[in-house]
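Q: Structure below; questions to follow.
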Amino acid sequence: MGRKSLIFYILIFCELISAKSLVVDLNKEISSTAEINLFENMKESEIKKLSPLSKLKYTEIRKQWDECLRKSPEVFANQKSIQPWVMQVWMNCALKKYEAQKQSNILQNPIIVLRKNIHFLDRGPWKSSLISQWLRANQIMWDQSLAEKNEKKRSKSQASVRENLFLRSELLSQDQRFHFAGWTASSETPKEKRTWSADSLKEEKEMQTKIESALEQKHAQLSISLMVGFLKKYPGSTDHKKIRDKILDTSAEFFERDKPDREKVVKSLLEADPDKLADWAAWAHRRAYYPEAIRFAEAALQNLKGSAALNSYYVLARSHMFLGQYDEAKKYFLTVTQQYSGTDEAAESFFRLGLLHYRLANYDLAKNNFESVLSLNRDKYELNSRYWLVRCLEALKSPNAVEEKRQLIDQFPFSYYTLKLKAELKLPLSEGGEIKELPQVKIELFGDQVEIWNRIKLLTKSGWLLEAQSELTALPAPQKAEIQIVWANFLLSRHQYPQAIRLINQAMDQDPQFKDWSFLKRSFPLTYMDMVQTETKKYSLHPYVIQSLIRQESAFGLKAISSANALGLMQIIPPTASDVARRMSLKVTIPDDLYRPEINIPMGTFYLNTLLEEFKGHVPLALAAYNAGPSRLKTWLRGRKDTENLMTTLSTETKDEIWIDELPWSETSFYVKAILRNIILYQYLDNSLFEIKPGFWSELKEKKSIVQ
C-alpha cells in the first residue's frame, strides 16, 4: 500500500471515529406520545394548545396567509435546526399573499432573510423548493421594477440573484436555469409552432403539406391514406413519429364518434406495412376497438412470422374473448401457449383460457389450464390461479380441494379471495389468536443521519408531516424483516403512512412470521375518518368504502402523485377534478387544493357516488370505473352478453365475480379486490367479527351505517 493510500485510509478512519453517532431504541420511540396531524379536523381547544411551530404550519395549511407571515419571523429565529423548512413556509405564505393582493413589498422580508442564509440553497431536502421560491420571488420584484421603470431597484434585484445563484447554477434544474439566464418579465411559455424538420426533402414537405390540407378539410380517409403512404415512403424521416401519432389521434377521433367514415378510416389504415398493422392492432385493442383490432392483427399475420407475430396472436385472442367469441378466443390462446411457451403472454393465455372454460362450466379443462399457469412459476398469476383452481376442484368434488385451500390460505392469508375462503370454512381471520409483540430493535445512526433524525422527531412532533416525509428519504431503508416491521410502526406513530404500509407489506413477504393480523392491523389507520364520515353520510355510503379506497389509492399520502397525474388522497386526475368542482359549485385551485384532505375527500366521495349511481349501486363496478374510467368500462361490459347486464347482478357468488379477473386491465382487477379486502378488514377492526355475508358489498350503499 502506498504512502498516499495509507494516509487516505487513516483520515477516513479518524473521520469515522470522530463522527457523531446515536443509538435509537425504536420500540421506545413508538411507545412515546402520539404526534399530531394538523391536516385532520381540529377542535378550537386543540388549536389553542398548539406550539408556535405547530401553529405556523397550521396557518399555512388553512391558508391564513396574514397570520402565517406574522408568525414566521419569530419561529424562524427560535427553530435553528429546521430554519430552511420554516423559510420555505414563510416564502410560500408570502408568495400566496402576493398572488391574492399583487403587492410585491410582501416579499421583501423573506427575500432579505433568505439572502442572508443563501447557503440553504446548497443542500438538503428543501433545496429544490426553496430555489424555485427564491427565483419566483425575485422575478416578481424584477417585474414590479419594470412596471415602475425603477432602474435602481431592478439592477439591485438582478444583481442579488446573479450574485447568489451564479456560483450555484449547478444546483438548478433546466427550467430554473432558463428563468435565471433569460430573466424575462413574463413566465408564460410560448406556444409551440408547427414546423417541418430542417432536413426534410422538398418532396417530403410537399407531401406533408397535402396531409395538412386534408386534415384541415376533415377528409378522414384521404388524410390517413396520405399519412400511411408517407410512413411507407419515408421510414427514416425525422417526422416519422409525429405522423404516426397523428394517424392514431385522427383515427381515434372517428372511432370515438362512430362516424360513417369509420370504415373508410379502417381501410386506409389497412394499407400500412405489417409492422405498422401490428402496432395499429395493439393500439386499437388498448382503446377497446376490438373489431378493428382483430382486422389489423389478421392483416398483420399475413406477413409476420415467428416472434414478430406473437403480439398479434395475443391481441386476437383477447379481442375475441372480450367480444364473447369464445371459440375464436380459445384457438388463438392455444396458439400462443403452444408456439410461444415460456413467455409472459403464454402464462396469461393459460390463465384466460382457464377463466373462459370455468365460465363455460368446463371445470376439468379449466383446472388443467390453471395448473399450467402454476407450472410456469409466474408470481403475477399465482394467487389468482390457485384460487380458481380451488373453485374448479370444488366443482369437480375433488378431495384435493381442501389441501389446495389450506395451501392458498397459508401463502396469501389476507387477500380478498383468501378471506372469502376463510369465511366459508368458518376459520378465524388470524389463527392462534394471541397478540404478537413487536421484536426489540435498535438502530445506529452516524454523522448527518443524527441531525436528520433529530429534525424528523421535531417535525413530526409539531405536525410538519410532509417535511418529515422528505427528510426520511435520506435515512437508509431497513432490509431485514424485523427491522422493517418495527420501523413501520414508528412511522405509523408519526403519521407517515405510505412508507409504513410499504414496509409492512415487505416484511410480510420476506418473513412468514409477520403474516399475522397483529402486525397487519396497524396498517389500517382511521386517519381522516371524521371528514370521511361527514361526506359519506351525504350519500348514504358506508365510510369504510372511502377509507378503503384511500388506503389503496394513496396509502394516505397527502401529496401522492401517480404516473397518470392523479393527485392527493383519493387520486383525482385534473380533468375529473375540474368537472367535479363545477358540479359541486366549488372554486378550487388545481393542483394545490387536491392535496388538501378537506377538498380531496369531498370531491372524491362525490365522484365515487356518481359512479355508484351510474352503475346502479354495484360497488365493484363503480370501483373499477374509478380506476379505469367509466367509458372504458362500459365499452368492455357491452362487448358480450355475459357482462352486459352485470350491473344488475348484486352478487358475490363465485360465478358472478369472475369478471373481475377477466378485466383487460390487470391493475384494475387487483385494485377492485384490494379495496373489497380493505373493507372487510376495516369492518373486522371495528367489531372483531369476521363474517362475509353473500353480496356483502350491496349493503354498503344504503342509509344504515354501522359506524356511529
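Chain labels run A, B, ... following the order of the C-alpha cells; each chain numbers its residues from 1, and ligands are numbered from 1 in the order shown.
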Any chance you could tabulate, as CSV, the residues of segment 31-67 of chain A at most 12 Å from segment 556-565 of chain A with each one's nearest atom pair and distance in Å to one decimal, using only C-alpha atoms, in chain and rising number order?
A:
```
residue,atom,partner,partner_atom,distance
A:Asn37,CA,A:Leu558,CA,11.3
A:Leu38,CA,A:Leu558,CA,11.7
A:Phe39,CA,A:Leu558,CA,8.9
A:Glu40,CA,A:Leu558,CA,11.2
A:Ile61,CA,A:Leu558,CA,11.9
```
Q: Just list the residues in segment 315-549 of chain A DSSP gives strand (DSSP E or B) on the backbone, as a count of residues only.
A: 6
Q: Compile the contact shell of Leu26 of chain A as a PyMOL selection string: residues with an atom at most 8 Å away, counting only C-alpha atoms, same-chain residues fewer than 4 positions apart removed.
A: chain A and resi 30+440-443+486-487+490
Q: Output C-alpha atoms of each residue in that selection to a file, as a PDB file, in the first residue's frame.
A:
```
ATOM      1  CA  ILE A  30     -43.100   4.015  19.240  1.00  0.00           C
ATOM      2  CA  GLN A 440     -36.935  -5.348  20.002  1.00  0.00           C
ATOM      3  CA  VAL A 441     -34.960  -3.232  17.541  1.00  0.00           C
ATOM      4  CA  LYS A 442     -32.214  -0.652  17.948  1.00  0.00           C
ATOM      5  CA  ILE A 443     -30.596   1.229  15.062  1.00  0.00           C
ATOM      6  CA  VAL A 486     -40.690  -2.042  13.845  1.00  0.00           C
ATOM      7  CA  TRP A 487     -39.610   0.878  11.674  1.00  0.00           C
ATOM      8  CA  PHE A 490     -42.575   4.005  14.335  1.00  0.00           C
TER       9      PHE A 490
END
```
Q: Please provide as a PyMOL selection string all residues within 12 Å of Met207 of chain A, with the sequence filter that same-chain residues fewer than 5 positions apart are discarded (counting only C-alpha atoms).
A: chain A and resi 196+200-202+212-214+223+225-231+233-234+239+243
Q: Just all heavy atoms for this one: save the residues we selected as a compact mmCIF listing (two decimals), in the first residue's frame.
A:
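Wrote it out as selection_5.txt, contents follow:
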```
# COMPACT_ATOMS: atom_id res chain seq x y z
N TRP A 196 -41.74 22.04 -39.99
CA TRP A 196 -41.22 20.82 -40.59
C TRP A 196 -39.74 20.69 -40.23
O TRP A 196 -39.04 21.66 -40.04
CB TRP A 196 -41.39 20.83 -42.11
CG TRP A 196 -42.80 21.08 -42.55
CD1 TRP A 196 -43.25 22.07 -43.34
CD2 TRP A 196 -43.96 20.32 -42.19
NE1 TRP A 196 -44.59 21.99 -43.52
CE2 TRP A 196 -45.07 20.92 -42.82
CE3 TRP A 196 -44.18 19.18 -41.40
CZ2 TRP A 196 -46.35 20.43 -42.70
CZ3 TRP A 196 -45.46 18.70 -41.28
CH2 TRP A 196 -46.52 19.31 -41.91
N SER A 200 -35.80 17.87 -43.87
CA SER A 200 -36.80 17.25 -44.75
C SER A 200 -36.53 17.63 -46.20
O SER A 200 -36.18 18.76 -46.51
CB SER A 200 -38.21 17.71 -44.36
OG SER A 200 -38.54 17.20 -43.11
N LEU A 201 -36.73 16.67 -47.08
CA LEU A 201 -36.58 16.93 -48.51
C LEU A 201 -37.77 17.70 -49.04
O LEU A 201 -38.84 17.73 -48.42
CB LEU A 201 -36.44 15.60 -49.25
CG LEU A 201 -35.26 14.70 -48.83
CD1 LEU A 201 -35.36 13.35 -49.53
CD2 LEU A 201 -33.95 15.38 -49.14
N LYS A 202 -37.58 18.31 -50.19
CA LYS A 202 -38.65 19.10 -50.80
C LYS A 202 -39.89 18.24 -51.05
O LYS A 202 -41.02 18.64 -50.79
CB LYS A 202 -38.15 19.70 -52.11
CG LYS A 202 -39.19 20.56 -52.81
CD LYS A 202 -38.63 21.14 -54.09
CE LYS A 202 -39.71 21.98 -54.80
NZ LYS A 202 -39.19 22.54 -56.06
N GLU A 212 -51.53 18.11 -44.35
CA GLU A 212 -52.07 19.20 -43.55
C GLU A 212 -53.36 19.74 -44.16
O GLU A 212 -54.35 20.02 -43.46
CB GLU A 212 -51.03 20.32 -43.45
CG GLU A 212 -51.27 21.32 -42.34
CD GLU A 212 -51.07 20.71 -40.98
OE1 GLU A 212 -50.25 19.79 -40.83
OE2 GLU A 212 -51.75 21.15 -40.05
N SER A 213 -53.38 19.85 -45.46
CA SER A 213 -54.57 20.36 -46.15
C SER A 213 -55.75 19.40 -45.98
O SER A 213 -56.88 19.82 -45.70
CB SER A 213 -54.25 20.55 -47.63
OG SER A 213 -55.41 20.94 -48.34
N ALA A 214 -55.49 18.10 -46.11
CA ALA A 214 -56.56 17.11 -45.95
C ALA A 214 -57.11 17.10 -44.53
O ALA A 214 -58.32 16.97 -44.31
CB ALA A 214 -56.04 15.72 -46.33
N SER A 223 -56.68 11.93 -45.62
CA SER A 223 -55.57 12.33 -44.75
C SER A 223 -54.84 11.12 -44.19
O SER A 223 -53.60 11.08 -44.17
CB SER A 223 -56.08 13.23 -43.62
OG SER A 223 -57.01 12.55 -42.82
N SER A 225 -54.85 8.04 -45.47
CA SER A 225 -54.20 7.35 -46.58
C SER A 225 -52.88 8.03 -46.93
O SER A 225 -51.86 7.35 -47.18
CB SER A 225 -55.13 7.34 -47.79
OG SER A 225 -54.54 6.62 -48.85
N LEU A 226 -52.88 9.36 -46.95
CA LEU A 226 -51.65 10.11 -47.24
C LEU A 226 -50.59 9.87 -46.15
O LEU A 226 -49.40 9.70 -46.45
CB LEU A 226 -51.94 11.60 -47.36
CG LEU A 226 -52.67 12.07 -48.63
CD1 LEU A 226 -53.13 13.51 -48.48
CD2 LEU A 226 -51.74 11.93 -49.84
N MET A 227 -51.03 9.86 -44.90
CA MET A 227 -50.08 9.65 -43.81
C MET A 227 -49.51 8.24 -43.81
O MET A 227 -48.31 8.04 -43.56
CB MET A 227 -50.75 9.97 -42.46
CG MET A 227 -50.97 11.47 -42.24
SD MET A 227 -51.51 11.89 -40.55
CE MET A 227 -53.25 11.46 -40.64
N VAL A 228 -50.35 7.24 -44.09
CA VAL A 228 -49.86 5.87 -44.20
C VAL A 228 -48.85 5.77 -45.34
O VAL A 228 -47.79 5.14 -45.21
CB VAL A 228 -51.02 4.88 -44.39
CG1 VAL A 228 -50.50 3.48 -44.75
CG2 VAL A 228 -51.88 4.81 -43.14
N GLY A 229 -49.16 6.42 -46.46
CA GLY A 229 -48.24 6.43 -47.59
C GLY A 229 -46.92 7.10 -47.24
O GLY A 229 -45.85 6.66 -47.67
N PHE A 230 -47.01 8.17 -46.45
CA PHE A 230 -45.79 8.87 -46.02
C PHE A 230 -44.89 7.95 -45.21
O PHE A 230 -43.67 7.90 -45.42
CB PHE A 230 -46.18 10.10 -45.20
CG PHE A 230 -45.00 10.90 -44.71
CD1 PHE A 230 -44.52 11.97 -45.45
CD2 PHE A 230 -44.37 10.58 -43.52
CE1 PHE A 230 -43.43 12.71 -45.01
CE2 PHE A 230 -43.28 11.31 -43.06
CZ PHE A 230 -42.81 12.37 -43.82
N LEU A 231 -45.48 7.20 -44.26
CA LEU A 231 -44.68 6.30 -43.42
C LEU A 231 -44.01 5.21 -44.24
O LEU A 231 -42.88 4.81 -43.96
CB LEU A 231 -45.57 5.66 -42.35
CG LEU A 231 -46.18 6.60 -41.30
CD1 LEU A 231 -46.98 5.79 -40.28
CD2 LEU A 231 -45.12 7.42 -40.59
N LYS A 233 -43.22 5.46 -47.49
CA LYS A 233 -42.26 6.04 -48.44
C LYS A 233 -41.04 6.63 -47.76
O LYS A 233 -39.93 6.60 -48.31
CB LYS A 233 -42.96 7.12 -49.27
CG LYS A 233 -42.13 7.60 -50.46
CD LYS A 233 -42.97 8.49 -51.38
CE LYS A 233 -42.16 8.89 -52.61
NZ LYS A 233 -42.97 9.75 -53.53
N TYR A 234 -41.25 7.17 -46.53
CA TYR A 234 -40.15 7.84 -45.83
C TYR A 234 -39.97 7.24 -44.43
O TYR A 234 -40.20 7.90 -43.42
CB TYR A 234 -40.40 9.34 -45.72
CG TYR A 234 -40.67 10.01 -47.05
CD1 TYR A 234 -41.95 10.46 -47.38
CD2 TYR A 234 -39.64 10.19 -47.97
CE1 TYR A 234 -42.20 11.07 -48.60
CE2 TYR A 234 -39.89 10.80 -49.19
CZ TYR A 234 -41.17 11.23 -49.50
OH TYR A 234 -41.41 11.83 -50.70
N ASP A 239 -39.76 13.17 -39.16
CA ASP A 239 -41.16 13.43 -38.79
C ASP A 239 -41.97 12.14 -38.69
O ASP A 239 -43.19 12.18 -38.58
CB ASP A 239 -41.81 14.36 -39.81
CG ASP A 239 -41.29 15.78 -39.72
OD1 ASP A 239 -41.16 16.27 -38.59
OD2 ASP A 239 -40.99 16.38 -40.77
N ILE A 243 -45.99 11.89 -37.53
CA ILE A 243 -47.03 11.44 -38.47
C ILE A 243 -47.75 10.21 -37.91
O ILE A 243 -48.99 10.12 -37.98
CB ILE A 243 -46.40 11.12 -39.84
CG1 ILE A 243 -45.81 12.39 -40.48
CG2 ILE A 243 -47.44 10.50 -40.78
CD1 ILE A 243 -46.83 13.45 -40.82
```
Q: Counting only C-alpha atoms, figure out which residue out of A:Leu681, A:Leu222, A:Ala137, A:Ala100 gets nearest to Leu114 of chain A.
A: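 Result for the nearest residue to Leu114 of chain A: A:Ala137.
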Q: Assign secondary structure with DSSP using the backbone only, and return the residues of segment 268-422 of chain A in alpha helix (DSSP H) as an MDAnalysis selection string.
A: chainID A and resid 268:269 274:286 290:300 310:322 326:339 344:359 363:375 379:395 400:411 416:422
Q: How many Å separate atom CA of Lys96 of chain A from atom CA of Ile82 of chain A?
A: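 If I compute the distance from atom CA of Lys96 of chain A to atom CA of Ile82 of chain A, I get 21.6 Å.
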Q: Any idea what's packed within 8 Å of Glu371 of chain A, counting only C-alpha atoms, ignoring anything in its chain fewer than 3 positions away? Could you give it as a VMD selection string?
A: chain A and resid 367 to 368 374 to 375 385 389
Q: Write out as number ranges by chain which residues come within 7 Å of segment 660-673 of chain A when counting only C-alpha atoms, dropping same-chain ones fewer than 4 positions away.
A: A: 416, 620, 623-624, 627-628, 677
Q: Mind writing the picked residues with N, CA, C and O atoms as a compact mmCIF listing (two decimals), in the first residue's frame?
A:
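Once written, part-v5.txt looks like this:
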```txt
# COMPACT_ATOMS: atom_id res chain seq x y z
N TYR A 416 -58.28 -10.86 -0.80
CA TYR A 416 -59.75 -10.90 -0.85
C TYR A 416 -60.23 -12.33 -1.05
O TYR A 416 -61.15 -12.80 -0.35
N PRO A 620 -68.32 -3.05 -6.76
CA PRO A 620 -67.10 -3.43 -7.50
C PRO A 620 -67.01 -2.77 -8.87
O PRO A 620 -65.92 -2.36 -9.30
N LEU A 623 -65.98 0.82 -8.41
CA LEU A 623 -64.56 0.90 -8.10
C LEU A 623 -63.71 0.70 -9.35
O LEU A 623 -62.71 1.39 -9.56
N ALA A 624 -64.12 -0.25 -10.19
CA ALA A 624 -63.40 -0.48 -11.45
C ALA A 624 -63.46 0.76 -12.33
O ALA A 624 -62.47 1.14 -12.97
N ASN A 627 -61.09 3.49 -11.24
CA ASN A 627 -59.70 3.24 -11.61
C ASN A 627 -59.46 3.31 -13.11
O ASN A 627 -58.50 3.94 -13.57
N ALA A 628 -60.33 2.66 -13.89
CA ALA A 628 -60.09 2.55 -15.33
C ALA A 628 -60.81 3.60 -16.15
O ALA A 628 -60.45 3.83 -17.32
N ARG A 677 -61.14 -6.22 -0.11
CA ARG A 677 -60.39 -6.78 1.02
C ARG A 677 -60.26 -5.76 2.15
O ARG A 677 -60.50 -6.07 3.33
```
Q: Determine, counting only C-alpha atoms, which protein, DNA and RNA residues have an atom within 8 Å of an atom of segment 504-519 of chain A; residues of the same chain fewer than 6 positions away are not included. Present the result as a PyMOL selection string.
A: chain A and resi 413+429-430+435-436+480-482+484-485+488
Q: Please indicate the distance in Å from atom CA of Leu541 of chain A to atom CA of Leu700 of chain A, rounded to one decimal place.
A: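 Between atom CA of Leu541 of chain A and atom CA of Leu700 of chain A the gap is 6.0 Å.
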Q: What is the distance between atom CA of Ser21 of chain A and atom CA of Ile456 of chain A, in Å to one decimal?
A: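 These atoms are spaced 16.1 Å apart.
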Q: Using only C-alpha atoms, pick whichever of A:Tyr684, A:Ile679, A:Leu95, A:Lys48 has the shortest atom-to-atom distance to Trp65 of chain A.
A: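 Among the listed residues, A:Leu95 lies closest to Trp65 of chain A.
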Q: Tell me which of A:Glu46, A:Glu204, A:Glu613, A:Glu35 sits closest to Ser493 of chain A, counting only C-alpha atoms.
A: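 Going through A:Glu46, A:Glu204, A:Glu613, A:Glu35 one by one, the smallest distance to Ser493 of chain A is for A:Glu35.
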Q: Given only C-alpha atoms as the basis, pick out the residue of A:Lys43, A:Lys232, A:Lys380, A:Arg262 nearest to Glu345 of chain A.
A: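 Looking at the shortest contact to Glu345 of chain A, the residue is A:Lys380.
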